[in-house]
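Data block below; observations after.
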Amino acid sequence: MTRLIAQKVALALITLAFVLTFNFFLFRAVGDPRDDLLRVPHMSAPERAHLIHARGLDRSELDQYGIYVRNTLSGQLETSYHSGRPVTDVIGEALPNTLILALPATLLAALLGTWMGIISARRRGGTADGALTGSALTLYSMPEQFLAIVVVLVFSIWLKAFPSQLSEEPGSSATGLSHVWDVTQHAVLPVLTLTASILASWSLIMRASLTETMHADYMTTARAVGLSPRRAVLRHAVPNALLPVIALTAISLGYVVGGVIFIESVFSWPGIGQLTYDALLNRDLPVLQGVFLLTSAAVILLNLVADLVIMALDPRVRAT
């Protein structure tokens, strides 16, 4: 068990080191950072030359890589070209807003998707299975931008039930519970859109996993000793079928980030997605580099946690 944990941790560290290196060279492959400084507004030539020297951009690429690694490990990312602020501060302001959307959306998608998968597997080939699986496949194939526009059209324009832009009313000075209620109202539609866009993964994987598990030998034994089909499924099949869903919960962060970029841009929600969109428009490479590194590190960490949880829950993994 200790050896397996050490292997998983070592693999995660190696992957993180690769991402760190890839992150450095990727954003230099698309252009010279010194040229990007020309786009910084109100910067004179002497100021630009000083900034290039201060950041080590006038040194060799290997020296720049060493500076980048040291700064990253110490938590000191570069400065945004667009705002002139430290990237850590820019991301730190946007991250909580994204978590307001991502956490409830992921929880709702996991619960609803798992429930849909269980119903579909138990009634495989029936009307409920066809309706739920068809709905999941439709949502899975629908672009996030289109889904967001449909949600805005129905719930904001037609029904006028929820606001469709920003995270709070412009110019609002509300505090306390009034502020929480304001943000909650603005978050409903983006959370609904993000939930619908990632819901299908849980549903389809749970359906496939549970369908396979229901034909296992221990399920035949459970029914033979007198358990009803429903109790046999809920007590024995579902816990074993949940293992792939646990892994999906970790790797889904990548899908969530991808969906958030488009969804936040549609709803003008000031989170990581909107920050990434604005950085792409402004060619703000330090911000893009910081966001890429943050999301990659989060995916690697969550995958490590998922592997350790699966090892703890599944004795077959520990036996390998």
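Note on naming: chains are A, B, ... as they come in the structure tokens, residues start from 1 per chain, ligands start from 1 in the order shown.
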
- All helix (DSSP H, G or I) positions in range 166-317 of chain A, as a PyMOL selection string: chain A and resi 176-213+217-224+229-267+272-282+285-313+315-317

- Find the spatial neighbours of range 127-135 of chain A, counting only C-alpha atoms, within a cut-off of 9 Å - ignore same-chain residues fewer than 3 positions away - and output them as number ranges by chain. A: 116-117, 119-124, 138-140, 200, 203-204, 207

Output file for the residues above (C-alpha atoms, as a PDB file, in the first residue's frame):
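Result file follows (again_15.pdb):
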ATOM      1  CA  MET A 116     -30.072   9.354 -14.166  1.00  0.00           C
ATOM      2  CA  GLY A 117     -27.469   6.643 -14.788  1.00  0.00           C
ATOM      3  CA  ILE A 119     -32.486   4.757 -13.519  1.00  0.00           C
ATOM      4  CA  SER A 120     -31.253   4.155 -17.076  1.00  0.00           C
ATOM      5  CA  ALA A 121     -29.295   1.030 -16.101  1.00  0.00           C
ATOM      6  CA  ARG A 122     -32.143  -0.482 -14.077  1.00  0.00           C
ATOM      7  CA  ARG A 123     -34.605   0.122 -16.908  1.00  0.00           C
ATOM      8  CA  ARG A 124     -32.258  -0.544 -19.775  1.00  0.00           C
ATOM      9  CA  THR A 138     -28.201  15.778 -26.482  1.00  0.00           C
ATOM     10  CA  LEU A 139     -26.682  17.838 -23.672  1.00  0.00           C
ATOM     11  CA  TYR A 140     -23.283  16.218 -24.216  1.00  0.00           C
ATOM     12  CA  ALA A 200     -24.141  13.822 -19.327  1.00  0.00           C
ATOM     13  CA  SER A 203     -25.104   9.816 -16.434  1.00  0.00           C
ATOM     14  CA  LEU A 204     -23.508   7.855 -19.277  1.00  0.00           C
ATOM     15  CA  ARG A 207     -25.183   3.753 -16.735  1.00  0.00           C
TER      16      ARG A 207
END

- Check the smallest atom-to-atom distance from each of A:Leu275, A:Ile261, A:Leu243, A:Met214 to Ala148 in chain A using only C-alpha atoms, then report the winner.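 Ranking A:Leu275, A:Ile261, A:Leu243, A:Met214 by distance to Ala148 in chain A, first place goes to A:Ile261.
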
Counting only C-alpha atoms, which residues of range 287-308 of chain A sit at most 10 Å from some atom of range 5-11 of chain A, and what is each one's closest atom pair with its distance in Å to one decimal, listed by chain and rising residue number, as a tab-separated table?
residue	atom	partner	partner_atom	distance
A:Ile300	CA	A:Leu11	CA	9.6
A:Leu301	CA	A:Val9	CA	9.3
A:Asn303	CA	A:Lys8	CA	9.6
A:Leu304	CA	A:Lys8	CA	6.7
A:Val305	CA	A:Lys8	CA	9.5
A:Asp307	CA	A:Lys8	CA	7.7
A:Leu308	CA	A:Ile5	CA	7.1

- Task: Mind checking which residues fall within 10 Å of Ala187 in chain A, counting only C-alpha atoms, ignoring those fewer than 6 positions away in the same chain, and posting them as an NGL selection string?
- Result: :A and (97 or 100-101 or 162-168 or 181 or 267 or 269)

- Which residue, A:Met1, A:Val299, A:Ala306, A:Ser74, has the smallest gap to Thr88 in chain A when you use only C-alpha atoms?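 Comparing A:Met1, A:Val299, A:Ala306, A:Ser74 against Thr88 in chain A, the winner is A:Ser74.
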
- Hey, which of A:Leu108, A:Ala224, A:Ile272, A:Tyr68 ends up closest to Val260 in chain A? Count only C-alpha atoms.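 Going through A:Leu108, A:Ala224, A:Ile272, A:Tyr68 one by one, the smallest distance to Val260 in chain A is for A:Ile272.
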
- Task: Between CA of Ile149 in chain A and CA of His186 in chain A, measure the distance and give it in Å to one decimal.
- Result: 15.1 Å

- Query: Of the candidates A:Leu285, A:Met206, A:Ile198, A:Ala232, which one gets nearest to Pro143 in chain A if we count only C-alpha atoms?
  - Reply: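 Smallest separation from Pro143 in chain A among the options: A:Ile198.
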
- Item | Minimum-distance residue to Val287 in chain A, chosen among A:Ser172, A:Ser83, A:Thr21, A:Thr114 (using only C-alpha atoms) | A:Ser83
